[in-house]
>>> print(open('target03.cif').read())   # mmCIF, C-alpha atoms
data_target
#
loop_
_atom_site.group_PDB
_atom_site.id
_atom_site.type_symbol
_atom_site.label_atom_id
_atom_site.label_comp_id
_atom_site.auth_asym_id
_atom_site.auth_seq_id
_atom_site.Cartn_x
_atom_site.Cartn_y
_atom_site.Cartn_z
ATOM 1 C CA SER L 26 118.419 55.900 27.739
ATOM 2 C CA TYR L 27 120.980 57.853 25.693
ATOM 3 C CA LYS L 28 122.836 58.909 28.859
ATOM 4 C CA LEU L 29 122.939 55.280 29.997
ATOM 5 C CA VAL L 30 124.620 54.328 26.723
ATOM 6 C CA LYS L 31 127.492 56.627 27.704
ATOM 7 C CA VAL L 32 127.672 55.005 31.145
ATOM 8 C CA TYR L 33 127.936 51.525 29.596
ATOM 9 C CA ALA L 34 130.535 52.751 27.100
ATOM 10 C CA LYS L 35 132.633 54.184 29.918
ATOM 11 C CA ARG L 36 132.326 50.941 31.869
ATOM 12 C CA ARG L 37 133.388 48.900 28.832
ATOM 13 C CA GLN L 38 136.455 51.099 28.375
ATOM 14 C CA LYS L 39 137.332 50.603 32.023
ATOM 15 C CA GLU L 40 137.046 46.823 31.727
ATOM 16 C CA GLN L 41 139.202 46.770 28.609
ATOM 17 C CA HIS L 42 141.785 48.980 30.302
ATOM 18 C CA GLN L 43 141.959 46.536 33.207
ATOM 19 C CA GLN L 44 142.522 43.734 30.649
ATOM 20 C CA ARG L 45 139.591 41.643 31.751
ATOM 21 C CA ASN L 46 138.305 38.767 29.658
ATOM 22 C CA ASN L 47 136.345 40.448 26.851
ATOM 23 C CA SER L 48 135.872 37.432 24.583
ATOM 24 C CA GLY L 49 132.445 36.870 23.077
ATOM 25 C CA VAL L 50 129.519 39.233 23.533
ATOM 26 C CA GLY L 51 129.740 41.190 26.767
ATOM 27 C CA ASP L 52 126.815 42.394 28.860
ATOM 28 C CA ASN L 53 127.814 45.998 28.242
ATOM 29 C CA ASN L 54 127.699 45.476 24.457
ATOM 30 C CA CYS L 55 124.212 43.954 24.585
ATOM 31 C CA SER L 56 122.927 46.644 26.934
ATOM 32 C CA MET L 57 124.277 49.422 24.737
ATOM 33 C CA ALA L 58 122.678 47.854 21.656
ATOM 34 C CA ARG L 59 119.268 47.487 23.331
ATOM 35 C CA LEU L 60 119.311 51.052 24.616
ATOM 36 C CA LEU L 61 120.439 52.450 21.273
ATOM 37 C CA LEU L 62 117.573 50.625 19.546
ATOM 38 C CA ARG L 63 115.204 52.393 21.943
ATOM 39 C CA VAL L 64 116.868 55.720 21.186
ATOM 40 C CA ALA L 65 116.797 55.065 17.425
ATOM 41 C CA ASN L 66 113.034 54.566 17.543
ATOM 42 C CA CYS L 67 112.757 58.102 18.938
ATOM 43 C CA ILE L 68 115.485 59.614 16.753
ATOM 44 C CA GLY L 69 113.203 62.499 15.750
ATOM 45 C CA ASP L 70 113.486 63.865 19.298
ATOM 46 C CA PHE L 71 117.225 64.505 18.847
ATOM 47 C CA PRO L 72 118.923 67.454 17.099
ATOM 48 C CA GLU L 73 119.347 66.869 13.360
ATOM 49 C CA ASP L 74 123.147 67.130 13.473
ATOM 50 C CA GLN L 75 123.339 64.248 15.999
ATOM 51 C CA ARG L 76 120.888 61.804 14.437
ATOM 52 C CA VAL L 77 123.088 60.067 11.892
ATOM 53 C CA ARG L 78 125.881 59.511 14.429
ATOM 54 C CA ILE L 79 123.422 57.951 16.868
ATOM 55 C CA LEU L 80 122.065 55.694 14.127
ATOM 56 C CA ILE L 81 125.584 54.682 13.072
ATOM 57 C CA SER L 82 126.355 53.768 16.708
ATOM 58 C CA THR L 83 123.126 51.761 16.802
ATOM 59 C CA VAL L 84 124.151 49.764 13.739
ATOM 60 C CA ILE L 85 127.702 49.124 14.996
ATOM 61 C CA GLU L 86 126.637 48.054 18.510
ATOM 62 C CA CYS L 87 123.850 45.808 17.184
ATOM 63 C CA GLN L 88 126.332 44.133 14.848
ATOM 64 C CA LYS L 89 128.766 43.558 17.742
ATOM 65 C CA SER L 90 126.011 42.103 19.929
ATOM 66 C CA GLY L 91 124.667 39.640 17.390
ATOM 67 C CA LEU L 92 121.529 41.691 16.640
ATOM 68 C CA LYS L 93 122.306 41.449 12.940
ATOM 69 C CA ASN L 94 118.767 41.899 11.667
ATOM 70 C CA ASP L 95 118.412 45.113 13.682
ATOM 71 C CA ALA L 96 121.796 46.271 12.407
ATOM 72 C CA TYR L 97 120.724 45.572 8.839
ATOM 73 C CA GLU L 98 117.384 47.362 9.263
ATOM 74 C CA TRP L 99 118.929 50.564 10.600
ATOM 75 C CA ALA L 100 121.825 50.472 8.123
ATOM 76 C CA CYS L 101 119.238 50.342 5.305
ATOM 77 C CA HIS L 102 117.357 53.211 6.936
ATOM 78 C CA ILE L 103 120.495 55.353 6.945
ATOM 79 C CA CYS L 104 121.315 54.574 3.318
ATOM 80 C CA SER L 105 117.739 55.130 2.084
ATOM 81 C CA HIS L 106 117.148 58.407 3.924
ATOM 82 C CA PRO L 107 118.355 61.332 1.741
ATOM 83 C CA THR L 108 119.639 63.451 4.649
ATOM 84 C CA TYR L 109 121.268 60.588 6.539
ATOM 85 C CA LYS L 110 122.835 59.227 3.362
ATOM 86 C CA THR L 111 124.404 62.621 2.618
ATOM 87 C CA GLN L 112 125.668 62.929 6.183
ATOM 88 C CA LEU L 113 127.057 59.395 6.017
ATOM 89 C CA GLU L 114 129.198 60.445 3.061
ATOM 90 C CA ASP L 115 130.726 63.146 5.270
ATOM 91 C CA GLU L 116 131.365 60.768 8.171
ATOM 92 C CA ASN L 117 134.498 58.727 8.883
ATOM 93 C CA THR L 118 135.234 56.460 5.898
ATOM 94 C CA LYS L 119 135.650 53.453 8.202
ATOM 95 C CA PHE L 120 132.063 53.724 9.439
ATOM 96 C CA LYS L 121 130.718 54.444 5.967
ATOM 97 C CA LYS L 122 132.268 51.252 4.609
ATOM 98 C CA LYS L 123 130.923 49.234 7.546
ATOM 99 C CA ILE L 124 127.385 50.509 7.047
ATOM 100 C CA GLN L 125 127.498 49.850 3.309
ATOM 101 C CA ALA L 126 128.914 46.346 3.876
ATOM 102 C CA ILE L 127 126.055 45.506 6.272
ATOM 103 C CA VAL L 128 123.480 46.702 3.723
ATOM 104 C CA ARG L 129 125.006 44.515 1.002
ATOM 105 C CA ARG L 130 124.835 41.368 3.156
ATOM 106 C CA ARG L 131 121.319 40.765 4.370
ATOM 107 C CA PRO L 132 121.364 38.353 7.346
ATOM 108 C CA PRO L 133 119.110 35.278 7.493
ATOM 109 C CA PRO L 134 115.832 35.558 9.479
ATOM 110 C CA PRO L 135 116.204 35.107 13.261
ATOM 111 C CA SER L 136 116.208 31.515 14.496
ATOM 112 C CA ASP L 137 117.273 29.566 17.564
ATOM 113 C CA ASP L 138 120.325 28.289 15.697
ATOM 114 C CA ASN L 139 121.794 31.396 14.101
ATOM 115 C CA HIS L 140 120.676 34.133 16.507
ATOM 116 C CA SER L 141 121.267 32.708 19.958
ATOM 117 C CA MET L 142 123.288 35.791 20.890
ATOM 118 C CA SER L 143 120.407 38.119 20.078
ATOM 119 C CA LYS L 144 117.975 36.496 22.500
ATOM 120 C CA GLU L 145 116.915 38.962 25.133
ATOM 121 C CA VAL L 146 116.576 37.965 28.771
ATOM 122 C CA MET L 147 112.941 37.673 29.862
ATOM 123 C CA THR L 148 111.804 39.107 33.198
ATOM 124 C CA PRO L 149 108.306 39.392 34.728
ATOM 125 C CA CYS L 150 106.132 42.376 33.903
ATOM 126 C CA PRO L 151 105.288 44.195 37.181
ATOM 127 C CA LEU L 152 101.626 44.535 36.122
ATOM 128 C CA SER L 153 100.621 41.336 34.316
ATOM 129 C CA HIS L 154 103.447 39.132 35.673
ATOM 130 C CA GLN L 155 103.988 37.762 32.153
ATOM 131 C CA LEU L 156 107.578 37.209 31.061
ATOM 132 C CA ILE L 157 108.622 39.996 28.693
ATOM 133 C CA PRO L 158 111.989 41.150 27.273
ATOM 134 C CA GLU L 159 113.909 42.985 29.984
ATOM 135 C CA TYR L 160 114.158 46.192 27.929
ATOM 136 C CA TYR L 161 110.457 46.201 26.930
ATOM 137 C CA LEU L 162 108.548 49.094 28.505
ATOM 138 C CA THR L 163 104.881 48.286 27.848
ATOM 139 C CA CYS L 164 102.671 45.800 29.675
ATOM 140 C CA PRO L 165 101.425 43.307 27.035
ATOM 141 C CA LYS L 166 98.078 42.933 28.823
ATOM 142 C CA THR L 167 97.094 46.406 30.070
ATOM 143 C CA LYS L 168 99.226 48.404 27.582
ATOM 144 C CA ASP L 169 100.341 50.597 30.486
ATOM 145 C CA LEU L 170 103.856 51.977 30.387
ATOM 146 C CA ILE L 171 106.461 50.418 32.661
ATOM 147 C CA PRO L 172 109.066 52.807 34.149
ATOM 148 C CA PHE L 173 112.675 51.835 33.517
ATOM 149 C CA CYS L 174 115.600 51.564 35.888
ATOM 150 C CA VAL L 175 117.781 54.694 35.771
ATOM 151 C CA CYS L 176 120.895 52.532 36.229
ATOM 152 C CA SER L 177 120.352 49.969 33.499
ATOM 153 C CA GLY L 178 117.463 51.034 31.269
ATOM 154 C CA LYS L 179 115.693 47.721 31.939
ATOM 155 C CA HIS L 180 112.030 47.655 32.919
ATOM 156 C CA LEU L 181 111.316 47.481 36.643
ATOM 157 C CA THR L 182 110.117 44.347 38.423
ATOM 158 C CA LEU L 183 108.155 44.142 41.677
ATOM 159 C CA GLU L 184 110.627 41.748 43.290
ATOM 160 C CA ASP L 185 113.619 44.039 42.745
ATOM 161 C CA PHE L 186 112.031 47.498 42.964
ATOM 162 C CA CYS L 187 113.662 50.300 44.919
ATOM 163 C CA PHE L 188 114.231 54.043 44.755
ATOM 164 C CA CYS L 189 117.497 55.926 44.448
ATOM 165 C CA PRO L 190 117.973 57.587 47.863
ATOM 166 C CA VAL L 191 119.405 60.667 46.145
ATOM 167 C CA SER L 192 117.205 61.369 43.109
ATOM 168 C CA GLY L 193 114.124 59.464 44.264
ATOM 169 C CA LEU L 194 113.845 57.785 40.847
ATOM 170 C CA PRO L 195 113.109 54.052 40.523
ATOM 171 C CA VAL L 196 115.886 51.522 40.079
ATOM 172 C CA LEU L 197 116.325 47.774 40.104
ATOM 173 C CA TYR L 198 117.908 46.931 43.438
ATOM 174 C CA GLN L 199 120.550 44.500 42.169
ATOM 175 C CA GLU L 200 121.386 46.715 39.200
ATOM 176 C CA TYR L 201 121.942 49.650 41.557
ATOM 177 C CA ILE L 202 124.148 47.577 43.845
ATOM 178 C CA ASP L 203 126.202 46.442 40.843
ATOM 179 C CA TYR L 204 126.364 50.022 39.569
ATOM 180 C CA ILE L 205 127.698 51.371 42.865
ATOM 181 C CA ARG L 206 130.349 48.657 43.011
ATOM 182 C CA ALA L 207 131.380 49.227 39.396
ATOM 183 C CA GLU L 208 131.462 53.017 39.720
ATOM 184 C CA ALA L 209 132.856 53.136 43.257
ATOM 185 C CA THR L 210 134.756 56.342 43.951
ATOM 186 C CA ALA L 211 135.608 55.513 47.577
ATOM 187 C CA ALA L 212 135.689 52.559 49.939
ATOM 188 C CA HIS L 213 136.540 52.702 53.607
ATOM 189 C CA VAL L 214 136.017 50.753 56.808
ATOM 190 C CA VAL L 215 133.845 52.041 59.609
ATOM 191 C CA GLU L 216 134.204 50.676 63.137
ATOM 192 C CA LYS L 217 131.096 50.544 65.316
ATOM 193 C CA LYS L 218 130.760 50.295 69.073
ATOM 194 C CA GLY L 219 129.358 47.091 70.496
ATOM 195 C CA CYS L 220 126.830 46.877 73.321
ATOM 196 C CA GLU L 221 129.619 47.132 75.900
ATOM 197 C CA GLY L 222 131.030 50.254 74.336
ATOM 198 C CA GLU L 223 133.973 48.566 72.644
ATOM 199 C CA TRP L 224 134.899 49.122 69.019
ATOM 200 C CA GLU L 225 134.320 45.642 67.699
ATOM 201 C CA LYS L 226 132.310 45.638 64.472
ATOM 202 C CA LYS L 227 133.739 46.715 61.133
ATOM 203 C CA GLU L 228 131.729 47.532 58.034
ATOM 204 C CA ASP L 229 132.874 48.241 54.476
ATOM 205 C CA ILE L 230 131.295 51.418 53.098
ATOM 206 C CA VAL L 231 131.389 51.589 49.297
ATOM 207 C CA THR L 232 130.444 54.963 47.798
ATOM 208 C CA ALA L 233 129.742 56.065 44.226
ATOM 209 C CA LEU L 234 128.036 58.984 42.508
ATOM 210 C CA ASP L 235 124.393 58.356 41.705
ATOM 211 C CA PRO L 236 123.625 58.225 37.934
ATOM 212 C CA VAL L 237 121.178 61.164 37.873
ATOM 213 C CA CYS L 238 122.310 63.870 40.300
ATOM 214 C CA GLY L 239 125.971 62.930 40.553
ATOM 215 C CA LYS L 240 125.879 62.956 44.361
ATOM 216 C CA PRO L 241 127.447 60.353 46.694
ATOM 217 C CA VAL L 242 125.436 57.243 47.505
ATOM 218 C CA SER L 243 126.566 54.137 49.388
ATOM 219 C CA LEU L 244 125.487 50.500 49.320
ATOM 220 C CA SER L 245 123.914 50.793 52.759
ATOM 221 C CA ASP L 246 121.619 53.588 51.505
ATOM 222 C CA VAL L 247 119.874 51.330 48.960
ATOM 223 C CA LYS L 248 116.808 49.470 50.237
ATOM 224 C CA LYS L 249 114.144 47.412 48.468
ATOM 225 C CA CYS L 250 110.607 48.754 48.718
ATOM 226 C CA ASP L 251 107.248 47.093 49.281
ATOM 227 C CA LYS L 252 105.473 45.686 46.220
ATOM 228 C CA GLN L 253 102.393 47.837 46.840
ATOM 229 C CA VAL L 254 104.563 50.942 46.914
ATOM 230 C CA ALA L 255 106.012 49.873 43.568
ATOM 231 C CA LEU L 256 102.543 49.326 42.065
ATOM 232 C CA ASP L 257 101.337 52.705 43.342
ATOM 233 C CA TYR L 258 104.340 54.375 41.716
ATOM 234 C CA ILE L 259 103.694 52.690 38.360
ATOM 235 C CA LYS L 260 100.042 53.780 38.526
ATOM 236 C CA SER L 261 100.979 57.399 39.276
ATOM 237 C CA TYR L 262 103.626 57.255 36.537
ATOM 238 C CA ASN L 263 101.016 56.323 33.941
ATOM 239 C CA THR L 264 98.618 58.958 35.248
ATOM 240 C CA TYR L 265 101.330 61.589 34.851
ATOM 241 C CA VAL L 266 102.177 60.429 31.315
ATOM 242 C CA ASP L 267 98.478 60.464 30.310
ATOM 243 C CA THR L 268 98.025 63.976 31.708
ATOM 244 C CA LYS L 269 101.171 65.255 29.991
ATOM 245 C CA SER L 270 100.177 63.800 26.604
ATOM 246 C CA ARG L 271 96.808 65.581 26.543
#
>>> encode(input="target03.cif", output="structure tokens")
Amino acid sequence: SYKLVKVYAKRRQKEQHQQRNNSGVGDNNCSMARLLLRVANCIGDFPEDQRVRILISTVIECQKSGLKNDAYEWACHICSHPTYKTQLEDENTKFKKKIQAIVRRRPPPPSDDNHSMSKEVMTPCPLSHQLIPEYYLTCPKTKDLIPFCVCSGKHLTLEDFCFCPVSGLPVLYQEYIDYIRAEATAAHVVEKKGCEGEWEKKEDIVTALDPVCGKPVSLSDVKKCDKQVALDYIKSYNTYVDTKSR
């Protein structure tokens, strides 16, 4: 999840450099905020010297994305934690003032009127088929863990399930297609012979580096998989997690 934050940050920089329309809350901002919230909940797994910077990023991105209650909660956590508070004093003054300003202004409780930007997209759980937030990783019915897409950090769905042809890890098909197009390092045209031996068909081959191994992967390499294959993977994933936690 933390590595994906860097991918989204890089993509946002690229969009801003190309002077695209960045008004309002962008998808990259919301994705970064959701992923950072996931990281913040596991902040104890990170080295001590990196924790406060990650939490500061969480607060800033949540504030940008309209997740003001989350921003307030983590800003208060930073300011009430002795170690984080001390480290905050040593951080950039600009960030320190922002964090302190957020703590002083508690936002109103979430509602349909004042927190429309913070609503998370709902997608079907691959196990119970209930609609759940797209970054939620636990089945509300069975309490089994749901693997997340290595391109986006969102939970996987049966209708859009596929595997990265390079790393073999699960991804959402459309997210992977969008990732390859956004991160494309090469694009060329391939001519194919027709049935009569003439070069007649042309195909655009778009190539990018996969997000895990950093090896080339093209759009034509990505294929959706059968729903039963997806379910079997999720079952084995939970079996592995249960075995590892014992």
>>> resolve_selection(input="target03.cif", expression="the PyMOL selection byres ((chain L and resi 80) around 9)", output="list in words")
Leu61, Leu62, Val64, Ala65, Ile68, Gln75, Arg76, Val77, Arg78, Ile79, Ile81, Ser82, Thr83, Val84, Ile85, Trp99, Ala100, His102 and Ile103 of chain L
>>> axis_aligned_box(input="target03.cif", around="range 155-173 of chain L", padding_each_side="4 Å", output="lines of an AutoDock Vina configuration file")
center_x = 105.6
center_y = 45.0
center_z = 30.5
size_x = 25.1
size_y = 23.6
size_z = 15.2
>>> closest_residue(input="target03.cif", among="L:Ile171, L:Val242, L:Ile230, L:Ala58", to="Cys189 in chain L", atoms="all atoms listed in the file")
L:Val242
>>> closest_residue(input="target03.cif", among="L:Lys249, L:Lys28, L:Lys93, L:Lys35", to="Pro134 in chain L", atoms="only C-alpha atoms")
L:Lys93
>>> resolve_selection(input="target03.cif", expression="the PyMOL selection byres ((chain L and resi 164-166) around 10)", output="ChimeraX atom specification")
/L:149-157,161-163,167-171
>>> closest_residue(input="target03.cif", among="L:Ile124, L:Cys55, L:Leu234, L:Leu194", to="Gly91 in chain L", atoms="all atoms listed in the file")
L:Cys55
>>> atom_distance(input="target03.cif", atom1="CA of Lys123 in chain L", atom2="CA of Asn54 in chain L")
17.6 Å
>>> atom_distance(input="target03.cif", atom1="CA of Tyr109 in chain L", atom2="CA of Ser26 in chain L")
21.9 Å
>>> atom_distance(input="target03.cif", atom1="CA of Asn94 in chain L", atom2="CA of Phe71 in chain L")
23.8 Å
>>> resolve_selection(input="target03.cif", expression="the PyMOL selection byres ((chain L and resi 200) around 10)", output="CSV table (one decimal) with C-alpha atoms, keeping the file's coordinate frame")
chain,number,residue,atom,x,y,z
L,174,CYS,CA,115.6,51.6,35.9
L,175,VAL,CA,117.8,54.7,35.8
L,176,CYS,CA,120.9,52.5,36.2
L,177,SER,CA,120.4,50.0,33.5
L,178,GLY,CA,117.5,51.0,31.3
L,179,LYS,CA,115.7,47.7,31.9
L,185,ASP,CA,113.6,44.0,42.7
L,196,VAL,CA,115.9,51.5,40.1
L,197,LEU,CA,116.3,47.8,40.1
L,198,TYR,CA,117.9,46.9,43.4
L,199,GLN,CA,120.6,44.5,42.2
L,201,TYR,CA,121.9,49.6,41.6
L,202,ILE,CA,124.1,47.6,43.8
L,203,ASP,CA,126.2,46.4,40.8
L,204,TYR,CA,126.4,50.0,39.6
L,205,ILE,CA,127.7,51.4,42.9
L,206,ARG,CA,130.3,48.7,43.0
>>> closest_residue(input="target03.cif", among="L:Cys87, L:Val237, L:Leu92, L:Val32", to="Pro133 in chain L", atoms="all atoms listed in the file")
L:Leu92
>>> closest_residue(input="target03.cif", among="L:Ser243, L:Glu208, L:Ala255, L:Gln125", to="Ser105 in chain L", atoms="all atoms listed in the file")
L:Gln125
>>> residues_around(input="target03.cif", residues="Pro190 in chain L", least_positions_apart="2", cutoff="10 Å", atoms="only C-alpha atoms", output="VMD selection string")
chain L and resid 187 to 188 192 to 195 235 241 to 243 246 to 248
>>> build_atoms(input="target03.cif", residues="range 155-166 of chain L", atoms="N, CA and C atoms", output="PDB file, in the coordinates of the input")
ATOM      1  N   GLN L 155     103.528  38.547  33.294  1.00  0.00           N
ATOM      2  CA  GLN L 155     103.988  37.762  32.153  1.00  0.00           C
ATOM      3  C   GLN L 155     105.478  38.020  31.929  1.00  0.00           C
ATOM      4  N   LEU L 156     106.168  37.015  31.391  1.00  0.00           N
ATOM      5  CA  LEU L 156     107.578  37.209  31.061  1.00  0.00           C
ATOM      6  C   LEU L 156     107.671  38.031  29.781  1.00  0.00           C
ATOM      7  N   ILE L 157     108.425  39.122  29.843  1.00  0.00           N
ATOM      8  CA  ILE L 157     108.622  39.996  28.693  1.00  0.00           C
ATOM      9  C   ILE L 157     110.108  40.342  28.581  1.00  0.00           C
ATOM     10  N   PRO L 158     110.582  40.760  27.406  1.00  0.00           N
ATOM     11  CA  PRO L 158     111.989  41.150  27.273  1.00  0.00           C
ATOM     12  C   PRO L 158     112.356  42.228  28.289  1.00  0.00           C
ATOM     13  N   GLU L 159     113.543  42.112  28.871  1.00  0.00           N
ATOM     14  CA  GLU L 159     113.909  42.985  29.984  1.00  0.00           C
ATOM     15  C   GLU L 159     114.018  44.466  29.622  1.00  0.00           C
ATOM     16  N   TYR L 160     114.114  44.782  28.325  1.00  0.00           N
ATOM     17  CA  TYR L 160     114.158  46.192  27.929  1.00  0.00           C
ATOM     18  C   TYR L 160     112.818  46.679  27.360  1.00  0.00           C
ATOM     19  N   TYR L 161     111.785  45.846  27.440  1.00  0.00           N
ATOM     20  CA  TYR L 161     110.457  46.201  26.930  1.00  0.00           C
ATOM     21  C   TYR L 161     109.737  47.037  27.979  1.00  0.00           C
ATOM     22  N   LEU L 162     109.101  48.125  27.553  1.00  0.00           N
ATOM     23  CA  LEU L 162     108.548  49.094  28.505  1.00  0.00           C
ATOM     24  C   LEU L 162     107.029  49.236  28.443  1.00  0.00           C
ATOM     25  N   THR L 163     106.336  48.243  27.909  1.00  0.00           N
ATOM     26  CA  THR L 163     104.881  48.286  27.848  1.00  0.00           C
ATOM     27  C   THR L 163     104.311  46.955  28.324  1.00  0.00           C
ATOM     28  N   CYS L 164     103.325  47.013  29.206  1.00  0.00           N
ATOM     29  CA  CYS L 164     102.671  45.800  29.675  1.00  0.00           C
ATOM     30  C   CYS L 164     101.885  45.190  28.519  1.00  0.00           C
ATOM     31  N   PRO L 165     102.116  43.926  28.175  1.00  0.00           N
ATOM     32  CA  PRO L 165     101.425  43.307  27.035  1.00  0.00           C
ATOM     33  C   PRO L 165      99.929  43.130  27.258  1.00  0.00           C
ATOM     34  N   LYS L 166      99.492  43.150  28.509  1.00  0.00           N
ATOM     35  CA  LYS L 166      98.078  42.933  28.823  1.00  0.00           C
ATOM     36  C   LYS L 166      97.319  44.242  28.968  1.00  0.00           C
TER      37      LYS L 166
END
